[in-house]
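Undergrad: Below is the structure I would like to discuss, written out as structure tokens.
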Amino acid sequence: MLASMRPEHLRSFGTTIDGLRLVATDTGPVRGDGAEVRGRAAYLLAAVCGRRVPGEALTGPGAARLV
């Protein structure tokens, strides 16, 4: 599911993944280019859909944009 996410899918959630590289540490999908955000796929998906995740759940230079 993460691999198929595109910026236009997230407009209704008020988030953007433009400029982010999402790396799921548990399942392997990588999506996008830019500042890396690493974490479990469930946390990445929740964060890009505007849900709160624990601060330590996502790491990398782009993580601050999603937590």
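Ligands are numbered from 1 in the order shown, chains are lettered A, B, ... in the order of the structure tokens, and residues start at 1 in each chain.
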Neighbours of Glu56 in chain A within 10 Å (only C-alpha atoms; same-chain residues fewer than 4 positions away dropped), as a PyMOL selection string?
TA: chain A and resi 39+63+67
Undergrad: Restricting the output to N, CA and C atoms, write the selected residues as a PDB file, in the first residue's frame.
TA:
ATOM      1  N   GLY A  39      10.712   3.814   9.362  1.00  0.00           N
ATOM      2  CA  GLY A  39       9.857   3.305  10.433  1.00  0.00           C
ATOM      3  C   GLY A  39       9.060   2.112   9.937  1.00  0.00           C
ATOM      4  N   ALA A  63      11.664  12.928   9.281  1.00  0.00           N
ATOM      5  CA  ALA A  63      10.663  12.479  10.256  1.00  0.00           C
ATOM      6  C   ALA A  63       9.911  13.624  10.927  1.00  0.00           C
ATOM      7  N   VAL A  67       5.691  13.857  12.321  1.00  0.00           N
ATOM      8  CA  VAL A  67       5.311  13.625  13.721  1.00  0.00           C
ATOM      9  C   VAL A  67       4.852  14.899  14.375  1.00  0.00           C
TER      10      VAL A  67
END
Undergrad: For Asp18 in chain A, list every protein, DNA or RNA residue within 10 Å, evaluated using only C-alpha atoms, and leave out those in the same chain fewer than 2 positions away; present the list as a list in words.
TA: Arg6, Pro7, Thr15, Thr16, Leu20, Arg21, Gly32, Asp33, Gly34 and Ala35 of chain A
Undergrad: Using only C-alpha atoms, can you tell me which of A:Asp26, A:Pro61, A:Ile17, A:Gly55 comes closest to Arg40 in chain A?
TA: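 Between A:Asp26, A:Pro61, A:Ile17, A:Gly55, the residue approaching Arg40 in chain A most closely is A:Asp26.
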